[in-house]
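A.B. asks: What follows is start_12.cif; its format and atoms are mmCIF, C-alpha atoms and all ligand atoms.
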```cif
data_input
loop_
_atom_site.group_PDB
_atom_site.id
_atom_site.type_symbol
_atom_site.label_atom_id
_atom_site.label_comp_id
_atom_site.auth_asym_id
_atom_site.auth_seq_id
_atom_site.Cartn_x
_atom_site.Cartn_y
_atom_site.Cartn_z
ATOM 1 C CA MET A 1 46.879 -33.837 -16.290
ATOM 2 C CA ALA A 2 47.211 -37.018 -14.248
ATOM 3 C CA SER A 3 45.081 -39.927 -15.366
ATOM 4 C CA PRO A 4 41.988 -40.357 -13.173
ATOM 5 C CA LEU A 5 43.045 -43.979 -12.816
ATOM 6 C CA VAL A 6 46.284 -43.164 -11.049
ATOM 7 C CA VAL A 7 45.731 -43.473 -7.319
ATOM 8 C CA ASN A 8 47.993 -42.162 -4.599
ATOM 9 C CA ILE A 9 48.446 -45.100 -2.262
ATOM 10 C CA LEU A 10 50.760 -43.531 0.314
ATOM 11 C CA GLU A 11 48.060 -43.378 2.981
ATOM 12 C CA LEU A 12 46.833 -46.865 2.188
ATOM 13 C CA THR A 13 50.218 -48.534 2.448
ATOM 14 C CA ARG A 14 51.027 -46.717 5.678
ATOM 15 C CA ARG A 15 47.989 -47.956 7.502
ATOM 16 C CA PRO A 16 46.842 -51.527 6.839
ATOM 17 C CA GLY A 17 43.114 -51.873 7.223
ATOM 18 C CA THR A 18 42.301 -48.588 5.525
ATOM 19 C CA ASP A 19 40.474 -48.415 2.272
ATOM 20 C CA LYS A 20 39.652 -46.075 -0.532
ATOM 21 C CA ASP A 21 37.071 -45.903 -3.286
ATOM 22 C CA LEU A 22 37.643 -44.696 -6.792
ATOM 23 C CA ILE A 23 34.358 -43.925 -8.504
ATOM 24 C CA VAL A 24 34.853 -42.087 -11.758
ATOM 25 C CA ALA A 25 33.482 -41.870 -15.264
ATOM 26 C CA ILE A 26 36.364 -41.690 -17.683
ATOM 27 C CA PRO A 27 36.436 -41.116 -21.432
ATOM 28 C CA ALA A 28 36.898 -44.502 -23.077
ATOM 29 C CA THR A 29 39.768 -43.056 -25.102
ATOM 30 C CA ILE A 30 41.926 -43.008 -21.934
ATOM 31 C CA LEU A 31 41.927 -46.792 -22.034
ATOM 32 C CA SER A 32 43.063 -47.043 -25.688
ATOM 33 C CA LEU A 33 40.755 -50.026 -26.002
ATOM 34 C CA ASP A 34 41.544 -50.532 -29.673
ATOM 35 C CA ASP A 35 38.563 -52.840 -30.156
ATOM 36 C CA PRO A 36 35.968 -51.814 -32.755
ATOM 37 C CA ARG A 37 33.234 -53.459 -30.676
ATOM 38 C CA LEU A 38 33.768 -51.011 -27.827
ATOM 39 C CA THR A 39 32.367 -47.542 -28.310
ATOM 40 C CA ASP A 40 34.627 -44.611 -27.626
ATOM 41 C CA ASP A 41 31.811 -42.094 -27.328
ATOM 42 C CA GLN A 42 30.437 -43.487 -24.071
ATOM 43 C CA ASP A 43 32.261 -42.917 -20.793
ATOM 44 C CA VAL A 44 33.513 -45.930 -18.906
ATOM 45 C CA ALA A 45 32.023 -46.079 -15.398
ATOM 46 C CA VAL A 46 34.768 -47.182 -13.034
ATOM 47 C CA ASN A 47 33.905 -48.279 -9.513
ATOM 48 C CA ILE A 48 36.963 -49.566 -7.699
ATOM 49 C CA HIS A 49 37.608 -50.399 -4.075
ATOM 50 C CA LEU A 50 41.155 -50.390 -2.745
ATOM 51 C CA GLU A 51 41.846 -52.074 0.543
ATOM 52 C CA SER A 52 45.099 -52.031 2.395
ATOM 53 C CA VAL A 53 46.222 -55.448 3.609
ATOM 54 C CA SER A 54 49.434 -56.525 5.249
ATOM 55 C CA GLY A 55 52.180 -55.953 2.694
ATOM 56 C CA GLY A 56 49.927 -54.853 -0.085
ATOM 57 C CA ILE A 57 46.681 -53.617 -1.556
ATOM 58 C CA VAL A 58 43.678 -55.539 -2.825
ATOM 59 C CA VAL A 59 41.884 -53.844 -5.702
ATOM 60 C CA THR A 60 38.407 -54.996 -6.672
ATOM 61 C CA GLY A 61 35.619 -53.463 -8.691
ATOM 62 C CA THR A 62 33.963 -53.037 -12.044
ATOM 63 C CA ALA A 63 34.360 -50.987 -15.186
ATOM 64 C CA VAL A 64 31.276 -50.641 -17.355
ATOM 65 C CA ALA A 65 31.711 -49.692 -20.998
ATOM 66 C CA GLY A 66 29.428 -49.359 -23.990
ATOM 67 C CA ALA A 67 29.701 -51.945 -26.720
ATOM 68 C CA GLN A 68 28.282 -52.243 -30.223
ATOM 69 C CA LEU A 69 27.891 -55.936 -30.917
ATOM 70 C CA SER A 70 26.623 -58.180 -33.660
ATOM 71 C CA CYS A 71 24.217 -60.945 -32.612
ATOM 72 C CA ARG A 72 25.668 -64.359 -33.373
ATOM 73 C CA ARG A 73 22.260 -65.775 -34.328
ATOM 74 C CA CYS A 74 20.531 -63.014 -36.303
ATOM 75 C CA LEU A 75 23.557 -60.789 -37.077
ATOM 76 C CA THR A 76 21.678 -57.680 -35.900
ATOM 77 C CA GLU A 77 23.863 -54.900 -34.540
ATOM 78 C CA PHE A 78 22.905 -53.976 -31.027
ATOM 79 C CA GLU A 79 24.244 -51.934 -28.148
ATOM 80 C CA MET A 80 24.865 -53.231 -24.685
ATOM 81 C CA GLU A 81 26.952 -52.414 -21.671
ATOM 82 C CA VAL A 82 29.754 -54.760 -20.739
ATOM 83 C CA SER A 83 30.940 -54.936 -17.173
ATOM 84 C CA GLY A 84 34.592 -55.759 -16.637
ATOM 85 C CA GLU A 85 35.645 -57.325 -13.349
ATOM 86 C CA ILE A 86 38.713 -56.047 -11.596
ATOM 87 C CA ASP A 87 40.372 -58.193 -8.967
ATOM 88 C CA GLU A 88 44.052 -57.544 -8.367
ATOM 89 C CA LEU A 89 46.549 -57.950 -5.596
ATOM 90 C CA TYR A 90 49.478 -55.562 -5.342
ATOM 91 C CA GLN A 91 52.349 -56.201 -2.988
ATOM 92 C CA ARG A 92 55.467 -54.272 -2.064
ATOM 93 C CA ILE A 93 57.461 -57.478 -2.129
ATOM 94 C CA PRO A 94 55.346 -59.984 -4.052
ATOM 95 C CA ASP A 95 55.188 -63.388 -2.344
ATOM 96 C CA ASN A 96 51.956 -64.342 -4.042
ATOM 97 C CA PRO A 97 52.410 -65.593 -7.646
ATOM 98 C CA ASP A 98 49.345 -63.611 -8.739
ATOM 99 C CA ALA A 99 50.492 -60.359 -7.191
ATOM 100 C CA THR A 100 51.829 -57.359 -9.067
ATOM 101 C CA ALA A 101 54.704 -55.418 -7.540
ATOM 102 C CA LEU A 102 54.071 -51.938 -6.179
ATOM 103 C CA THR A 103 56.849 -49.775 -7.460
ATOM 104 C CA SER A 104 55.881 -46.321 -6.253
ATOM 105 C CA GLU A 105 53.351 -44.370 -4.226
ATOM 106 C CA GLN A 106 51.261 -44.041 -7.378
ATOM 107 C CA LEU A 107 49.211 -47.007 -8.494
ATOM 108 C CA ASP A 108 48.182 -46.775 -12.138
ATOM 109 C CA LEU A 109 45.049 -48.854 -12.681
ATOM 110 C CA THR A 110 44.679 -47.995 -16.356
ATOM 111 C CA SER A 111 45.890 -51.350 -17.673
ATOM 112 C CA VAL A 112 43.825 -53.507 -15.285
ATOM 113 C CA VAL A 113 40.704 -51.500 -16.105
ATOM 114 C CA ARG A 114 41.483 -51.828 -19.805
ATOM 115 C CA GLU A 115 42.009 -55.572 -19.499
ATOM 116 C CA GLY A 116 38.838 -56.027 -17.452
ATOM 117 C CA VAL A 117 36.735 -54.240 -20.064
ATOM 118 C CA LEU A 118 38.274 -56.160 -22.977
ATOM 119 C CA LEU A 119 37.689 -59.508 -21.264
ATOM 120 C CA ALA A 120 34.056 -58.604 -20.626
ATOM 121 C CA VAL A 121 33.171 -58.307 -24.304
ATOM 122 C CA PRO A 122 31.243 -61.494 -25.131
ATOM 123 C CA ASP A 123 32.685 -63.599 -27.940
ATOM 124 C CA ALA A 124 29.283 -64.901 -28.975
ATOM 125 C CA PRO A 125 26.802 -62.159 -28.076
ATOM 126 C CA LEU A 126 23.048 -62.510 -28.387
ATOM 127 C CA CYS A 127 20.784 -59.507 -29.046
ATOM 128 C CA ARG A 128 18.402 -61.123 -26.552
ATOM 129 C CA PRO A 129 18.587 -64.462 -24.724
ATOM 130 C CA ASP A 130 15.804 -66.031 -26.792
ATOM 131 C CA CYS A 131 16.790 -64.614 -30.169
ATOM 132 C CA PRO A 132 15.297 -67.082 -32.692
ATOM 133 C CA GLY A 133 18.001 -66.230 -35.220
ATOM 134 C CA LEU A 134 17.825 -66.633 -38.954
ATOM 135 C CA CYS A 135 15.957 -69.366 -40.769
ATOM 136 C CA PRO A 136 18.565 -71.984 -41.728
ATOM 137 C CA GLN A 137 16.780 -72.521 -45.021
ATOM 138 C CA CYS A 138 15.885 -69.084 -46.363
ATOM 139 C CA GLY A 139 17.894 -66.759 -44.126
ATOM 140 C CA ALA A 140 14.853 -64.732 -42.992
ATOM 141 C CA ASP A 141 15.119 -63.023 -39.612
ATOM 142 C CA LEU A 142 12.661 -65.086 -37.582
ATOM 143 C CA ALA A 143 12.338 -62.337 -34.954
ATOM 144 C CA THR A 144 10.725 -59.959 -37.431
ATOM 145 C CA ALA A 145 8.808 -62.241 -39.773
ATOM 146 C CA PRO A 146 8.002 -65.936 -39.863
ATOM 147 C CA CYS A 147 9.162 -67.171 -43.243
ATOM 148 C CA GLY A 148 6.921 -70.196 -43.764
ATOM 149 C CA CYS A 149 9.789 -72.662 -44.110
ATOM 150 C CA ASN A 150 8.418 -74.684 -41.179
ATOM 151 C CA ALA A 151 5.171 -75.212 -43.074
ATOM 152 C CA VAL A 152 7.112 -76.428 -46.087
ATOM 153 C CA ASN A 153 9.011 -78.804 -43.837
ATOM 154 C CA LYS A 154 5.796 -80.273 -42.565
ATOM 155 C CA ASP A 155 4.565 -80.805 -46.108
ATOM 156 C CA ASP A 156 7.859 -82.489 -46.958
ATOM 157 C CA ARG A 157 7.399 -84.887 -44.055
ATOM 158 C CA TRP A 158 3.935 -85.833 -45.223
ATOM 159 C CA ALA A 159 5.228 -86.287 -48.731
ATOM 160 C CA ALA A 160 7.884 -88.679 -47.426
ATOM 161 C CA LEU A 161 5.241 -90.668 -45.538
ATOM 162 C CA ASP A 162 3.073 -90.836 -48.614
ATOM 163 C CA ALA A 163 6.008 -92.141 -50.625
ATOM 164 C CA LEU A 164 6.632 -94.836 -47.995
ATOM 165 C CA ARG A 165 3.001 -95.831 -48.020
ATOM 166 C CA ASP A 166 3.131 -96.214 -51.773
ATOM 167 C CA GLN A 167 5.965 -98.727 -51.418
ATOM 168 C CA LEU A 168 4.078 -100.948 -48.983
ATOM 169 C CA PRO A 169 2.191 -103.922 -50.456
ATOM 170 C CA PRO A 170 -1.493 -103.137 -50.789
ATOM 171 C CA GLY A 171 -3.798 -104.148 -47.941
ATOM 172 C CA GLN A 172 -1.424 -103.386 -45.072
HETATM 173 ZN ZN ZN B 1 19.688 -61.848 -32.471
HETATM 174 ZN ZN ZN B 2 12.790 -69.720 -43.933
#
```
Would you mind writing the structure in this file as structure tokens?
C.D. replies:
Amino acid sequence: MASPLVVNILELTRRPGTDKDLIVAIPATILSLDDPRLTDDQDVAVNIHLESVSGGIVVTGTAVAGAQLSCRRCLTEFEMEVSGEIDELYQRIPDNPDATALTSEQLDLTSVVREGVLLAVPDAPLCRPDCPGLCPQCGADLATAPCGCNAVNKDDRWAALDALRDQLPPGQ
């Protein structure tokens, strides 16, 4: 069976100005993502627009995949969707340094979709934007339970002030 990400571009290349949409949900396994953070059991939602331009095809769109990430502040495992951006230029005879050569009437978008998804995985994910993280002193997860370290800190500050006061000459 042909990969759902292989597009016949014969019509597109014949008539500049035409376009085509590729909207498919594909099993993540097709992409061979090979990244433990990306879940294989959720389909990848691919939404790609192909537009025929003079001498080539512009391919833009998104690929949304499921990810299982570990919060960088509190270390909690959480699920989120990552949205890979696809923005490629294909040319019959590449004259643009960023263009990829078109070699046949079949355009296989598997690798650009794969790359887009992999690049979308955040390196330093947060379970939520305001995750308070773990207490630097006792390691407690501050999102679930305040640990009381702040109170101790305050007491320490007062203790330091008291110590200072003790060193001052009396009467000042
Ligand atoms: Zn977190
Ligand atoms: Zn603490």
A.B. asks: What lies within 9 Å of A:Pro4 using only C-alpha atoms, ignoring chain neighbours under 5 positions off, as a PDB file with C-alpha atoms, in the frame of the given file?
C.D. replies:
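Okay, out13.pdb is ready:
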```
ATOM      1  CA  LEU A  22      37.643 -44.696  -6.792  1.00  0.00           C
ATOM      2  CA  VAL A  24      34.853 -42.087 -11.758  1.00  0.00           C
ATOM      3  CA  ALA A  25      33.482 -41.870 -15.264  1.00  0.00           C
ATOM      4  CA  ILE A  26      36.364 -41.690 -17.683  1.00  0.00           C
ATOM      5  CA  ASP A 108      48.182 -46.775 -12.138  1.00  0.00           C
ATOM      6  CA  THR A 110      44.679 -47.995 -16.356  1.00  0.00           C
TER       7      THR A 110
END
```
A.B. asks: How would you write, as a PyMOL selection string, the set of residues no farther than 8 Å from ligand ZN 1 (chain B) when counting only C-alpha atoms and all ligand atoms?
C.D. replies: chain A and resi 70-76+126-128+131-133+143
A.B. asks: Every residue with an atom at most 10 Å from (33.2, -43.9, -23.9) (file coordinates; all atoms listed in the file) is what I'm after, so could you write them as a VMD selection string?
C.D. replies: chain A and resid 25 to 31 33 38 to 45 64 to 67
A.B. asks: What are the closest atom pairs, with distances in Å to one decimal, for each residue of chain A lying within 12 Å of ligand ZN 2 (chain B), using only C-alpha atoms and all ligand atoms, rows by chain and rising residue number, as JSON lines?
C.D. replies:
```
{"residue": "A:Pro132", "atom": "CA", "partner": "B:ZN2", "partner_atom": "ZN", "distance": 11.8}
{"residue": "A:Gly133", "atom": "CA", "partner": "B:ZN2", "partner_atom": "ZN", "distance": 10.7}
{"residue": "A:Leu134", "atom": "CA", "partner": "B:ZN2", "partner_atom": "ZN", "distance": 7.7}
{"residue": "A:Cys135", "atom": "CA", "partner": "B:ZN2", "partner_atom": "ZN", "distance": 4.5}
{"residue": "A:Pro136", "atom": "CA", "partner": "B:ZN2", "partner_atom": "ZN", "distance": 6.6}
{"residue": "A:Gln137", "atom": "CA", "partner": "B:ZN2", "partner_atom": "ZN", "distance": 5.0}
{"residue": "A:Cys138", "atom": "CA", "partner": "B:ZN2", "partner_atom": "ZN", "distance": 4.0}
{"residue": "A:Gly139", "atom": "CA", "partner": "B:ZN2", "partner_atom": "ZN", "distance": 5.9}
{"residue": "A:Ala140", "atom": "CA", "partner": "B:ZN2", "partner_atom": "ZN", "distance": 5.5}
{"residue": "A:Asp141", "atom": "CA", "partner": "B:ZN2", "partner_atom": "ZN", "distance": 8.3}
{"residue": "A:Leu142", "atom": "CA", "partner": "B:ZN2", "partner_atom": "ZN", "distance": 7.9}
{"residue": "A:Ala143", "atom": "CA", "partner": "B:ZN2", "partner_atom": "ZN", "distance": 11.6}
{"residue": "A:Thr144", "atom": "CA", "partner": "B:ZN2", "partner_atom": "ZN", "distance": 11.9}
{"residue": "A:Ala145", "atom": "CA", "partner": "B:ZN2", "partner_atom": "ZN", "distance": 9.4}
{"residue": "A:Pro146", "atom": "CA", "partner": "B:ZN2", "partner_atom": "ZN", "distance": 7.3}
{"residue": "A:Cys147", "atom": "CA", "partner": "B:ZN2", "partner_atom": "ZN", "distance": 4.5}
{"residue": "A:Gly148", "atom": "CA", "partner": "B:ZN2", "partner_atom": "ZN", "distance": 5.9}
{"residue": "A:Cys149", "atom": "CA", "partner": "B:ZN2", "partner_atom": "ZN", "distance": 4.2}
{"residue": "A:Asn150", "atom": "CA", "partner": "B:ZN2", "partner_atom": "ZN", "distance": 7.2}
{"residue": "A:Ala151", "atom": "CA", "partner": "B:ZN2", "partner_atom": "ZN", "distance": 9.4}
{"residue": "A:Val152", "atom": "CA", "partner": "B:ZN2", "partner_atom": "ZN", "distance": 9.0}
{"residue": "A:Asn153", "atom": "CA", "partner": "B:ZN2", "partner_atom": "ZN", "distance": 9.8}
```
A.B. asks: To one decimal place, how far is atom CA of A:Lys20 from atom CA of A:Arg92 in Å?
C.D. replies: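 Between atom CA of A:Lys20 and atom CA of A:Arg92 the gap works out to 17.9 Å.
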A.B. asks: Any chance you could resolve the PyMOL selection byres (((chain A and resi 9) around 7) and not hetatm) against this file and give the residues as a ChimeraX atom specification?
C.D. replies: /A:7-8,10-13,105-107
A.B. asks: In Å, with one decimal, what is the gap from atom CA of A:Asn96 to atom CA of A:Ser83?
C.D. replies: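 Result for atom CA of A:Asn96 versus atom CA of A:Ser83: 26.5 Å, one decimal.
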A.B. asks: For the file shown, what are the residues hit by the PyMOL selection byres (((chain A and resi 63) around 9) and not hetatm), laid out as an MDAnalysis selection string?
C.D. replies: chainID A and resid 44:48 61:62 64:65 82:86 113:114 116:117
A.B. asks: May I have the selected residues written with C-alpha atoms, as a PDB file, in the frame of the given file?
C.D. replies:
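Listing of again_20.pdb after writing:
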```
ATOM      1  CA  VAL A  44      33.513 -45.930 -18.906  1.00  0.00           C
ATOM      2  CA  ALA A  45      32.023 -46.079 -15.398  1.00  0.00           C
ATOM      3  CA  VAL A  46      34.768 -47.182 -13.034  1.00  0.00           C
ATOM      4  CA  ASN A  47      33.905 -48.279  -9.513  1.00  0.00           C
ATOM      5  CA  ILE A  48      36.963 -49.566  -7.699  1.00  0.00           C
ATOM      6  CA  GLY A  61      35.619 -53.463  -8.691  1.00  0.00           C
ATOM      7  CA  THR A  62      33.963 -53.037 -12.044  1.00  0.00           C
ATOM      8  CA  VAL A  64      31.276 -50.641 -17.355  1.00  0.00           C
ATOM      9  CA  ALA A  65      31.711 -49.692 -20.998  1.00  0.00           C
ATOM     10  CA  VAL A  82      29.754 -54.760 -20.739  1.00  0.00           C
ATOM     11  CA  SER A  83      30.940 -54.936 -17.173  1.00  0.00           C
ATOM     12  CA  GLY A  84      34.592 -55.759 -16.637  1.00  0.00           C
ATOM     13  CA  GLU A  85      35.645 -57.325 -13.349  1.00  0.00           C
ATOM     14  CA  ILE A  86      38.713 -56.047 -11.596  1.00  0.00           C
ATOM     15  CA  VAL A 113      40.704 -51.500 -16.105  1.00  0.00           C
ATOM     16  CA  ARG A 114      41.483 -51.828 -19.805  1.00  0.00           C
ATOM     17  CA  GLY A 116      38.838 -56.027 -17.452  1.00  0.00           C
ATOM     18  CA  VAL A 117      36.735 -54.240 -20.064  1.00  0.00           C
TER      19      VAL A 117
END
```
A.B. asks: So, with all atoms listed in the file as the atoms that count, which of A:Leu118, A:Ile23, A:Ala124, A:Leu109 lies closest to A:Val59?
C.D. replies: A:Leu109
A.B. asks: For the atom pair atom CA of A:Asp123 and atom CA of A:Asp34, what is the interatomic distance in Å to one decimal place?
C.D. replies: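 Atom CA of A:Asp34 lies at a distance of 15.9 Å from atom CA of A:Asp123.
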A.B. asks: Point out the residue among A:Pro169, A:Pro16, A:Gly56, A:Pro36 with the least atom-to-atom distance to A:Thr103, counting all atoms listed in the file.
C.D. replies: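 Looking at the shortest contact to A:Thr103, the residue is A:Gly56.
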A.B. asks: From the options A:Ser32, A:Gln68, A:Thr18, A:Ser104, which residue's atoms come nearest to A:Ser54, counting only C-alpha atoms?
C.D. replies: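 Among the listed residues, A:Thr18 lies closest to A:Ser54.
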A.B. asks: Could I see stretch 86-111 of chain A restored to N, CA, C and O atoms, set down as a short mmCIF file (atom, residue, chain, number, x, y, z; two decimals), in the frame of the given file?
C.D. replies:
```
data_model
loop_
_atom_site.label_atom_id
_atom_site.label_comp_id
_atom_site.auth_asym_id
_atom_site.auth_seq_id
_atom_site.Cartn_x
_atom_site.Cartn_y
_atom_site.Cartn_z
N ILE A 86 37.34 -56.35 -11.99
CA ILE A 86 38.71 -56.05 -11.60
C ILE A 86 38.98 -56.69 -10.24
O ILE A 86 38.20 -56.53 -9.30
N ASP A 87 40.04 -57.48 -10.19
CA ASP A 87 40.37 -58.19 -8.97
C ASP A 87 41.89 -58.41 -8.98
O ASP A 87 42.38 -59.32 -9.63
N GLU A 88 42.60 -57.52 -8.30
CA GLU A 88 44.05 -57.54 -8.37
C GLU A 88 44.66 -57.44 -6.98
O GLU A 88 44.09 -56.79 -6.09
N LEU A 89 45.80 -58.06 -6.84
CA LEU A 89 46.55 -57.95 -5.60
C LEU A 89 47.89 -57.30 -5.91
O LEU A 89 48.61 -57.73 -6.81
N TYR A 90 48.18 -56.24 -5.19
CA TYR A 90 49.48 -55.56 -5.34
C TYR A 90 50.25 -55.73 -4.05
O TYR A 90 49.69 -55.59 -2.96
N GLN A 91 51.52 -56.04 -4.18
CA GLN A 91 52.35 -56.20 -2.99
C GLN A 91 53.67 -55.45 -3.16
O GLN A 91 54.21 -55.37 -4.26
N ARG A 92 54.16 -54.92 -2.04
CA ARG A 92 55.47 -54.27 -2.06
C ARG A 92 56.53 -55.28 -2.50
O ARG A 92 57.31 -55.03 -3.39
N ILE A 93 56.53 -56.40 -1.79
CA ILE A 93 57.46 -57.48 -2.13
C ILE A 93 56.59 -58.70 -2.43
O ILE A 93 56.14 -59.37 -1.51
N PRO A 94 56.30 -58.93 -3.71
CA PRO A 94 55.35 -59.98 -4.05
C PRO A 94 55.79 -61.35 -3.54
O PRO A 94 56.89 -61.81 -3.84
N ASP A 95 54.93 -62.00 -2.73
CA ASP A 95 55.19 -63.39 -2.34
C ASP A 95 54.03 -64.26 -2.81
O ASP A 95 54.01 -65.45 -2.59
N ASN A 96 53.07 -63.62 -3.45
CA ASN A 96 51.96 -64.34 -4.04
C ASN A 96 52.18 -64.34 -5.56
O ASN A 96 52.44 -63.29 -6.15
N PRO A 97 52.11 -65.53 -6.21
CA PRO A 97 52.41 -65.59 -7.65
C PRO A 97 51.48 -64.73 -8.49
O PRO A 97 51.83 -64.36 -9.61
N ASP A 98 50.29 -64.42 -7.97
CA ASP A 98 49.34 -63.61 -8.74
C ASP A 98 49.50 -62.12 -8.47
O ASP A 98 48.79 -61.31 -9.07
N ALA A 99 50.38 -61.76 -7.58
CA ALA A 99 50.49 -60.36 -7.19
C ALA A 99 51.35 -59.57 -8.17
O ALA A 99 52.24 -60.11 -8.83
N THR A 100 51.03 -58.29 -8.26
CA THR A 100 51.83 -57.36 -9.07
C THR A 100 52.62 -56.49 -8.09
O THR A 100 52.11 -56.13 -7.03
N ALA A 101 53.86 -56.20 -8.45
CA ALA A 101 54.70 -55.42 -7.54
C ALA A 101 54.29 -53.95 -7.52
O ALA A 101 53.97 -53.37 -8.56
N LEU A 102 54.29 -53.38 -6.33
CA LEU A 102 54.07 -51.94 -6.18
C LEU A 102 55.44 -51.29 -6.30
O LEU A 102 56.37 -51.64 -5.58
N THR A 103 55.53 -50.36 -7.23
CA THR A 103 56.85 -49.78 -7.46
C THR A 103 56.95 -48.33 -7.01
O THR A 103 58.05 -47.78 -6.94
N SER A 104 55.80 -47.71 -6.71
CA SER A 104 55.88 -46.32 -6.25
C SER A 104 54.66 -46.02 -5.40
O SER A 104 53.86 -46.91 -5.09
N GLU A 105 54.51 -44.77 -5.01
CA GLU A 105 53.35 -44.37 -4.23
C GLU A 105 52.15 -44.10 -5.13
O GLU A 105 51.09 -43.72 -4.65
N GLN A 106 52.34 -44.24 -6.43
CA GLN A 106 51.26 -44.04 -7.38
C GLN A 106 50.91 -45.40 -7.98
O GLN A 106 51.80 -46.08 -8.49
N LEU A 107 49.64 -45.75 -7.89
CA LEU A 107 49.21 -47.01 -8.49
C LEU A 107 48.39 -46.67 -9.73
O LEU A 107 47.33 -46.05 -9.63
N ASP A 108 48.88 -47.06 -10.89
CA ASP A 108 48.18 -46.78 -12.14
C ASP A 108 47.30 -47.97 -12.50
O ASP A 108 47.81 -49.05 -12.83
N LEU A 109 45.99 -47.76 -12.44
CA LEU A 109 45.05 -48.85 -12.68
C LEU A 109 44.57 -48.91 -14.13
O LEU A 109 43.70 -49.70 -14.48
N THR A 110 45.15 -48.07 -14.97
CA THR A 110 44.68 -48.00 -16.36
C THR A 110 44.70 -49.36 -17.05
O THR A 110 43.71 -49.77 -17.67
N SER A 111 45.79 -50.10 -16.92
CA SER A 111 45.89 -51.35 -17.67
C SER A 111 44.96 -52.43 -17.12
O SER A 111 44.42 -53.22 -17.89
#
```
